[in-house]
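Visitor: Enclosed is the structure file structure08.json (JSON, N, CA and C atoms).
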[["chain", "number", "residue", "atom", "x", "y", "z"],
["A", 1, "MET", "N", 17.50, 21.29, -60.09],
["A", 1, "MET", "CA", 16.75, 20.42, -59.23],
["A", 1, "MET", "C", 17.62, 19.23, -58.84],
["A", 2, "LYS", "N", 17.58, 18.88, -57.58],
["A", 2, "LYS", "CA", 18.34, 17.74, -57.06],
["A", 2, "LYS", "C", 17.42, 16.55, -56.88],
["A", 3, "ARG", "N", 18.01, 15.37, -56.99],
["A", 3, "ARG", "CA", 17.27, 14.13, -56.76],
["A", 3, "ARG", "C", 17.85, 13.44, -55.54],
["A", 4, "LYS", "N", 16.98, 12.80, -54.76],
["A", 4, "LYS", "CA", 17.42, 12.09, -53.57],
["A", 4, "LYS", "C", 16.54, 10.86, -53.39],
["A", 5, "LEU", "N", 17.16, 9.71, -53.25],
["A", 5, "LEU", "CA", 16.45, 8.47, -53.01],
["A", 5, "LEU", "C", 16.27, 8.33, -51.50],
["A", 6, "ILE", "N", 15.01, 8.10, -51.07],
["A", 6, "ILE", "CA", 14.75, 7.95, -49.64],
["A", 6, "ILE", "C", 14.01, 6.64, -49.40],
["A", 7, "ASP", "N", 14.15, 6.12, -48.20],
["A", 7, "ASP", "CA", 13.42, 4.92, -47.78],
["A", 7, "ASP", "C", 12.40, 5.34, -46.73],
["A", 8, "ILE", "N", 11.16, 4.85, -46.90],
["A", 8, "ILE", "CA", 10.12, 5.11, -45.90],
["A", 8, "ILE", "C", 9.44, 3.78, -45.57],
["A", 9, "SER", "N", 8.91, 3.70, -44.38],
["A", 9, "SER", "CA", 8.26, 2.46, -43.94],
["A", 9, "SER", "C", 6.99, 2.20, -44.77],
["A", 10, "ASP", "N", 6.57, 0.97, -44.78],
["A", 10, "ASP", "CA", 5.35, 0.60, -45.51],
["A", 10, "ASP", "C", 4.13, 1.36, -44.99],
["A", 11, "SER", "N", 4.02, 1.47, -43.67],
["A", 11, "SER", "CA", 2.86, 2.17, -43.12],
["A", 11, "SER", "C", 2.87, 3.66, -43.48],
["A", 12, "THR", "N", 4.04, 4.28, -43.47],
["A", 12, "THR", "CA", 4.16, 5.68, -43.88],
["A", 12, "THR", "C", 3.80, 5.83, -45.35],
["A", 13, "PHE", "N", 4.30, 4.93, -46.17],
["A", 13, "PHE", "CA", 3.99, 4.95, -47.59],
["A", 13, "PHE", "C", 2.48, 4.87, -47.83],
["A", 14, "GLU", "N", 1.82, 3.95, -47.14],
["A", 14, "GLU", "CA", 0.38, 3.77, -47.31],
["A", 14, "GLU", "C", -0.39, 5.01, -46.86],
["A", 15, "ARG", "N", -0.04, 5.54, -45.70],
["A", 15, "ARG", "CA", -0.75, 6.72, -45.18],
["A", 15, "ARG", "C", -0.55, 7.94, -46.07],
["A", 16, "LEU", "N", 0.69, 8.18, -46.47],
["A", 16, "LEU", "CA", 0.95, 9.34, -47.31],
["A", 16, "LEU", "C", 0.34, 9.18, -48.71],
["A", 17, "SER", "N", 0.34, 7.95, -49.23],
["A", 17, "SER", "CA", -0.28, 7.69, -50.53],
["A", 17, "SER", "C", -1.77, 8.00, -50.47],
["A", 18, "ALA", "N", -2.42, 7.56, -49.39],
["A", 18, "ALA", "CA", -3.85, 7.82, -49.23],
["A", 18, "ALA", "C", -4.12, 9.32, -49.11],
["A", 19, "LYS", "N", -3.31, 10.01, -48.34],
["A", 19, "LYS", "CA", -3.51, 11.46, -48.17],
["A", 19, "LYS", "C", -3.26, 12.20, -49.48],
["A", 20, "ALA", "N", -2.22, 11.79, -50.20],
["A", 20, "ALA", "CA", -1.93, 12.42, -51.50],
["A", 20, "ALA", "C", -3.08, 12.19, -52.47],
["A", 21, "GLY", "N", -3.57, 10.95, -52.52],
["A", 21, "GLY", "CA", -4.68, 10.63, -53.42],
["A", 21, "GLY", "C", -5.93, 11.42, -53.08],
["A", 22, "ALA", "N", -6.20, 11.58, -51.79],
["A", 22, "ALA", "CA", -7.39, 12.34, -51.36],
["A", 22, "ALA", "C", -7.30, 13.80, -51.77],
["A", 23, "SER", "N", -6.08, 14.30, -51.87],
["A", 23, "SER", "CA", -5.92, 15.70, -52.28],
["A", 23, "SER", "C", -5.72, 15.84, -53.79],
["A", 24, "GLY", "N", -5.81, 14.70, -54.50],
["A", 24, "GLY", "CA", -5.69, 14.74, -55.97],
["A", 24, "GLY", "C", -4.26, 14.86, -56.46],
["A", 25, "SER", "N", -3.32, 14.43, -55.65],
["A", 25, "SER", "CA", -1.91, 14.57, -56.00],
["A", 25, "SER", "C", -1.23, 13.20, -56.00],
["A", 26, "SER", "N", -0.13, 13.13, -56.70],
["A", 26, "SER", "CA", 0.69, 11.91, -56.62],
["A", 26, "SER", "C", 1.47, 11.94, -55.31],
["A", 27, "LEU", "N", 1.92, 10.78, -54.86],
["A", 27, "LEU", "CA", 2.73, 10.73, -53.65],
["A", 27, "LEU", "C", 4.01, 11.55, -53.82],
["A", 28, "LYS", "N", 4.62, 11.44, -54.97],
["A", 28, "LYS", "CA", 5.86, 12.19, -55.25],
["A", 28, "LYS", "C", 5.63, 13.69, -55.08],
["A", 29, "ARG", "N", 4.58, 14.20, -55.72],
["A", 29, "ARG", "CA", 4.30, 15.63, -55.66],
["A", 29, "ARG", "C", 3.92, 16.06, -54.25],
["A", 30, "TYR", "N", 3.17, 15.20, -53.56],
["A", 30, "TYR", "CA", 2.75, 15.50, -52.20],
["A", 30, "TYR", "C", 3.97, 15.65, -51.29],
["A", 31, "ILE", "N", 4.91, 14.73, -51.37],
["A", 31, "ILE", "CA", 6.13, 14.79, -50.56],
["A", 31, "ILE", "C", 6.97, 16.01, -50.95],
["A", 32, "GLU", "N", 7.07, 16.29, -52.25],
["A", 32, "GLU", "CA", 7.82, 17.47, -52.69],
["A", 32, "GLU", "C", 7.21, 18.74, -52.09],
["A", 33, "ASN", "N", 5.87, 18.82, -52.07],
["A", 33, "ASN", "CA", 5.21, 19.99, -51.49],
["A", 33, "ASN", "C", 5.49, 20.11, -50.00],
["A", 34, "LEU", "N", 5.47, 18.97, -49.28],
["A", 34, "LEU", "CA", 5.79, 19.00, -47.85],
["A", 34, "LEU", "C", 7.20, 19.53, -47.62],
["A", 35, "LEU", "N", 8.14, 19.04, -48.41],
["A", 35, "LEU", "CA", 9.53, 19.46, -48.25],
["A", 35, "LEU", "C", 9.72, 20.93, -48.63],
["A", 36, "ASP", "N", 9.04, 21.37, -49.70],
["A", 36, "ASP", "CA", 9.12, 22.78, -50.09],
["A", 36, "ASP", "C", 8.59, 23.69, -48.98],
["A", 37, "GLU", "N", 7.47, 23.30, -48.38],
["A", 37, "GLU", "CA", 6.88, 24.09, -47.31],
["A", 37, "GLU", "C", 7.81, 24.14, -46.09],
["A", 38, "ASP", "N", 8.41, 23.02, -45.76],
["A", 38, "ASP", "CA", 9.34, 22.98, -44.64],
["A", 38, "ASP", "C", 10.55, 23.86, -44.91],
["A", 39, "ALA", "N", 11.08, 23.80, -46.12],
["A", 39, "ALA", "CA", 12.23, 24.64, -46.48],
["A", 39, "ALA", "C", 11.86, 26.11, -46.45],
["A", 40, "LYS", "N", 10.65, 26.44, -46.88],
["A", 40, "LYS", "CA", 10.20, 27.83, -46.84],
["A", 40, "LYS", "C", 10.17, 28.34, -45.40],
["A", 41, "ASN", "N", 9.67, 27.50, -44.49],
["A", 41, "ASN", "CA", 9.63, 27.90, -43.09],
["A", 41, "ASN", "C", 11.03, 28.11, -42.52],
["A", 42, "LEU", "N", 12.00, 27.33, -43.00],
["A", 42, "LEU", "CA", 13.38, 27.52, -42.54],
["A", 42, "LEU", "C", 13.96, 28.82, -43.05],
["A", 43, "SER", "N", 13.60, 29.20, -44.28],
["A", 43, "SER", "CA", 14.19, 30.41, -44.86],
["A", 43, "SER", "C", 13.46, 31.67, -44.43],
["A", 44, "GLU", "N", 12.29, 31.54, -43.79],
["A", 44, "GLU", "CA", 11.53, 32.68, -43.32],
["A", 44, "GLU", "C", 11.22, 32.52, -41.84],
["A", 45, "PRO", "N", 12.25, 32.62, -41.00],
["A", 45, "PRO", "CA", 12.02, 32.37, -39.58],
["A", 45, "PRO", "C", 11.10, 33.40, -38.96],
["A", 46, "LYS", "N", 10.26, 32.96, -38.05],
["A", 46, "LYS", "CA", 9.37, 33.87, -37.33],
["A", 46, "LYS", "C", 10.09, 34.55, -36.18],
["A", 47, "ILE", "N", 10.93, 33.79, -35.48],
["A", 47, "ILE", "CA", 11.55, 34.31, -34.27],
["A", 47, "ILE", "C", 12.54, 35.42, -34.61],
["A", 48, "GLY", "N", 12.31, 36.58, -34.07],
["A", 48, "GLY", "CA", 13.22, 37.69, -34.25],
["A", 48, "GLY", "C", 13.05, 38.46, -35.55],
["A", 49, "TYR", "N", 12.09, 38.06, -36.39],
["A", 49, "TYR", "CA", 11.94, 38.76, -37.67],
["A", 49, "TYR", "C", 11.63, 40.23, -37.47],
["A", 50, "GLY", "N", 10.66, 40.50, -36.59],
["A", 50, "GLY", "CA", 10.28, 41.89, -36.35],
["A", 50, "GLY", "C", 11.45, 42.72, -35.83],
["A", 51, "TYR", "N", 12.25, 42.11, -34.97],
["A", 51, "TYR", "CA", 13.42, 42.81, -34.44],
["A", 51, "TYR", "C", 14.39, 43.18, -35.56],
["A", 52, "ARG", "N", 14.65, 42.21, -36.45],
["A", 52, "ARG", "CA", 15.55, 42.49, -37.58],
["A", 52, "ARG", "C", 14.98, 43.58, -38.47],
["A", 53, "PHE", "N", 13.66, 43.55, -38.67],
["A", 53, "PHE", "CA", 13.00, 44.53, -39.53],
["A", 53, "PHE", "C", 13.16, 45.94, -38.96],
["A", 54, "VAL", "N", 12.96, 46.07, -37.66],
["A", 54, "VAL", "CA", 12.99, 47.38, -37.02],
["A", 54, "VAL", "C", 14.40, 47.89, -36.81],
["A", 55, "SER", "N", 15.27, 47.02, -36.31],
["A", 55, "SER", "CA", 16.60, 47.49, -35.91],
["A", 55, "SER", "C", 17.64, 47.41, -37.01],
["A", 56, "GLY", "N", 17.36, 46.62, -38.05],
["A", 56, "GLY", "CA", 18.33, 46.46, -39.12],
["A", 56, "GLY", "C", 19.50, 45.59, -38.74],
["A", 57, "ARG", "N", 19.36, 44.85, -37.64],
["A", 57, "ARG", "CA", 20.44, 43.96, -37.21],
["A", 57, "ARG", "C", 19.82, 42.69, -36.63],
["A", 58, "GLU", "N", 20.65, 41.67, -36.53],
["A", 58, "GLU", "CA", 20.21, 40.41, -35.92],
["A", 58, "GLU", "C", 20.07, 40.60, -34.42],
["A", 59, "PRO", "N", 19.06, 39.98, -33.81],
["A", 59, "PRO", "CA", 18.96, 40.06, -32.36],
["A", 59, "PRO", "C", 20.09, 39.28, -31.70],
["A", 60, "SER", "N", 20.50, 39.74, -30.53],
["A", 60, "SER", "CA", 21.55, 39.03, -29.80],
["A", 60, "SER", "C", 21.00, 37.72, -29.26],
["A", 61, "ASP", "N", 21.88, 36.85, -28.81],
["A", 61, "ASP", "CA", 21.45, 35.60, -28.21],
["A", 61, "ASP", "C", 20.56, 35.87, -27.00],
["A", 62, "ALA", "N", 20.90, 36.87, -26.21],
["A", 62, "ALA", "CA", 20.11, 37.20, -25.02],
["A", 62, "ALA", "C", 18.71, 37.66, -25.42],
["A", 63, "GLU", "N", 18.62, 38.46, -26.47],
["A", 63, "GLU", "CA", 17.31, 38.92, -26.94],
["A", 63, "GLU", "C", 16.47, 37.76, -27.46],
["A", 64, "LEU", "N", 17.09, 36.86, -28.21],
["A", 64, "LEU", "CA", 16.36, 35.69, -28.70],
["A", 64, "LEU", "C", 15.92, 34.79, -27.55],
["A", 65, "MET", "N", 16.78, 34.62, -26.57],
["A", 65, "MET", "CA", 16.43, 33.78, -25.43],
["A", 65, "MET", "C", 15.24, 34.37, -24.67],
["A", 66, "ALA", "N", 15.19, 35.70, -24.56],
["A", 66, "ALA", "CA", 14.06, 36.34, -23.89],
["A", 66, "ALA", "C", 12.77, 36.08, -24.66],
["A", 67, "ILE", "N", 12.82, 36.14, -25.98],
["A", 67, "ILE", "CA", 11.65, 35.84, -26.81],
["A", 67, "ILE", "C", 11.23, 34.40, -26.62],
["A", 68, "LEU", "N", 12.20, 33.49, -26.67],
["A", 68, "LEU", "CA", 11.89, 32.07, -26.52],
["A", 68, "LEU", "C", 11.37, 31.73, -25.12],
["A", 69, "ASP", "N", 11.93, 32.37, -24.09],
["A", 69, "ASP", "CA", 11.44, 32.14, -22.74],
["A", 69, "ASP", "C", 9.99, 32.57, -22.60],
["A", 70, "ALA", "N", 9.68, 33.73, -23.16],
["A", 70, "ALA", "CA", 8.30, 34.20, -23.11],
["A", 70, "ALA", "C", 7.38, 33.25, -23.86],
["A", 71, "ALA", "N", 7.84, 32.77, -25.01],
["A", 71, "ALA", "CA", 7.03, 31.87, -25.81],
["A", 71, "ALA", "C", 6.83, 30.53, -25.13],
["A", 72, "SER", "N", 7.87, 29.99, -24.53],
["A", 72, "SER", "CA", 7.77, 28.67, -23.92],
["A", 72, "SER", "C", 6.89, 28.67, -22.69],
["A", 73, "SER", "N", 6.73, 29.81, -22.05],
["A", 73, "SER", "CA", 5.89, 29.87, -20.86],
["A", 73, "SER", "C", 4.41, 30.06, -21.20],
["A", 74, "SER", "N", 4.11, 30.28, -22.46],
["A", 74, "SER", "CA", 2.73, 30.51, -22.88],
["A", 74, "SER", "C", 2.00, 29.20, -23.15],
["A", 75, "VAL", "N", 0.83, 29.06, -22.55],
["A", 75, "VAL", "CA", -0.01, 27.89, -22.78],
["A", 75, "VAL", "C", -0.56, 27.91, -24.21],
["A", 76, "LEU", "N", -0.61, 29.08, -24.81],
["A", 76, "LEU", "CA", -1.19, 29.22, -26.14],
["A", 76, "LEU", "C", -0.35, 28.58, -27.23],
["A", 77, "LEU", "N", 0.91, 28.27, -26.95],
["A", 77, "LEU", "CA", 1.81, 27.84, -28.00],
["A", 77, "LEU", "C", 1.88, 26.32, -28.13],
["A", 78, "GLN", "N", 0.74, 25.67, -28.14],
["A", 78, "GLN", "CA", 0.73, 24.22, -28.20],
["A", 78, "GLN", "C", 0.57, 23.68, -29.61],
["A", 79, "ASN", "N", 0.36, 24.52, -30.60],
["A", 79, "ASN", "CA", 0.30, 24.06, -31.98],
["A", 79, "ASN", "C", 0.90, 25.10, -32.91],
["A", 80, "ARG", "N", 1.12, 24.72, -34.14],
["A", 80, "ARG", "CA", 1.81, 25.59, -35.10],
["A", 80, "ARG", "C", 1.03, 26.88, -35.38],
["A", 81, "GLU", "N", -0.29, 26.80, -35.51],
["A", 81, "GLU", "CA", -1.08, 28.00, -35.77],
["A", 81, "GLU", "C", -0.96, 28.99, -34.62],
["A", 82, "ALA", "N", -1.00, 28.49, -33.40],
["A", 82, "ALA", "CA", -0.87, 29.37, -32.24],
["A", 82, "ALA", "C", 0.52, 29.99, -32.20],
["A", 83, "GLN", "N", 1.54, 29.22, -32.55],
["A", 83, "GLN", "CA", 2.90, 29.75, -32.59],
["A", 83, "GLN", "C", 3.01, 30.86, -33.63],
["A", 84, "ASP", "N", 2.46, 30.62, -34.82],
["A", 84, "ASP", "CA", 2.51, 31.64, -35.87],
["A", 84, "ASP", "C", 1.79, 32.91, -35.43],
["A", 85, "MET", "N", 0.63, 32.75, -34.81],
["A", 85, "MET", "CA", -0.11, 33.93, -34.33],
["A", 85, "MET", "C", 0.69, 34.68, -33.28],
["A", 86, "PHE", "N", 1.33, 33.93, -32.36],
["A", 86, "PHE", "CA", 2.13, 34.56, -31.32],
["A", 86, "PHE", "C", 3.26, 35.39, -31.92],
["A", 87, "PHE", "N", 4.02, 34.78, -32.84],
["A", 87, "PHE", "CA", 5.16, 35.48, -33.40],
["A", 87, "PHE", "C", 4.75, 36.61, -34.33],
["A", 88, "ASP", "N", 3.62, 36.48, -35.01],
["A", 88, "ASP", "CA", 3.11, 37.59, -35.81],
["A", 88, "ASP", "C", 2.77, 38.76, -34.91],
["A", 89, "ARG", "N", 2.10, 38.49, -33.78],
["A", 89, "ARG", "CA", 1.74, 39.55, -32.83],
["A", 89, "ARG", "C", 3.00, 40.16, -32.22],
["A", 90, "LEU", "N", 3.98, 39.33, -31.90],
["A", 90, "LEU", "CA", 5.24, 39.82, -31.36],
["A", 90, "LEU", "C", 5.91, 40.78, -32.35],
["A", 91, "ASP", "N", 5.93, 40.40, -33.63],
["A", 91, "ASP", "CA", 6.50, 41.26, -34.66],
["A", 91, "ASP", "C", 5.77, 42.60, -34.71],
["A", 92, "GLU", "N", 4.43, 42.55, -34.62],
["A", 92, "GLU", "CA", 3.64, 43.79, -34.64],
["A", 92, "GLU", "C", 3.98, 44.68, -33.45],
["A", 93, "GLU", "N", 4.11, 44.08, -32.27],
["A", 93, "GLU", "CA", 4.44, 44.86, -31.08],
["A", 93, "GLU", "C", 5.82, 45.51, -31.21],
["A", 94, "ILE", "N", 6.76, 44.79, -31.78],
["A", 94, "ILE", "CA", 8.10, 45.34, -31.97],
["A", 94, "ILE", "C", 8.04, 46.52, -32.95],
["A", 95, "LYS", "N", 7.31, 46.35, -34.04],
["A", 95, "LYS", "CA", 7.17, 47.44, -35.01],
["A", 95, "LYS", "C", 6.51, 48.66, -34.38],
["A", 96, "GLU", "N", 5.43, 48.44, -33.61],
["A", 96, "GLU", "CA", 4.73, 49.54, -32.96],
["A", 96, "GLU", "C", 5.61, 50.26, -31.96],
["A", 97, "SER", "N", 6.37, 49.52, -31.17],
["A", 97, "SER", "CA", 7.21, 50.15, -30.18],
["A", 97, "SER", "C", 8.35, 50.94, -30.81],
["A", 98, "SER", "N", 8.79, 50.54, -31.98],
["A", 98, "SER", "CA", 9.88, 51.27, -32.64],
["A", 98, "SER", "C", 9.42, 52.59, -33.21],
["A", 99, "HIS", "N", 8.14, 52.72, -33.53],
["A", 99, "HIS", "CA", 7.64, 53.97, -34.07],
["A", 99, "HIS", "C", 7.50, 55.04, -32.99],
["A", 100, "GLY", "N", 7.44, 54.62, -31.74],
["A", 100, "GLY", "CA", 7.33, 55.55, -30.63],
["A", 100, "GLY", "C", 8.66, 56.11, -30.16],
["A", 101, "ARG", "N", 9.75, 55.60, -30.72],
["A", 101, "ARG", "CA", 11.08, 56.06, -30.27],
["A", 101, "ARG", "C", 11.42, 57.39, -30.84]]
Starting from the file, lay out its structure as structure tokens.
Guide:
Amino acid sequence: MKRKLIDISDSTFERLSAKAGASGSSLKRYIENLLDEDAKNLSEPKIGYGYRFVSGREPSDAELMAILDAASSSVLLQNREAQDMFFDRLDEEIKESSHGR
């Protein structure tokens, strides 16, 4: 386990302390959980996962750009839940299309 000293503004400290307390957690544990969740999202990318699963290789830059272009043009992608649903559905479509080959 690594330790890191960070500085946060007074208002951020107060808001996060209140949120941590409301969830029954210490501020330290609350921040650790936020960072763990963020790191998990980095290690489990949504974009291109289905492609890697089906093809056994990383998607090319052009293939990723096509996915991102389609995603950025969608009005549905205005929050994290919508993004996750979009990429989960994209992964399903990729898996389904590979079974037809």
Visitor: In Å to one decimal, how far is atom C of Leu16 of chain A from atom CA of Tyr30 of chain A?
Guide: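 We find that atom CA of Tyr30 of chain A and atom C of Leu16 of chain A lie 7.6 Å from each other.
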Visitor: Could you tell me how far atom C of Lys4 of chain A lies from atom CA of Ala22 of chain A, in Å and to one decimal?
Guide: 24.1 Å
Visitor: Figure out the distance between atom CA of Ala82 of chain A and atom C of Met65 of chain A, please, to one decimal in Å.
Guide: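 Spanning atom C of Met65 of chain A to atom CA of Ala82 of chain A is a straight-line distance of 18.5 Å.
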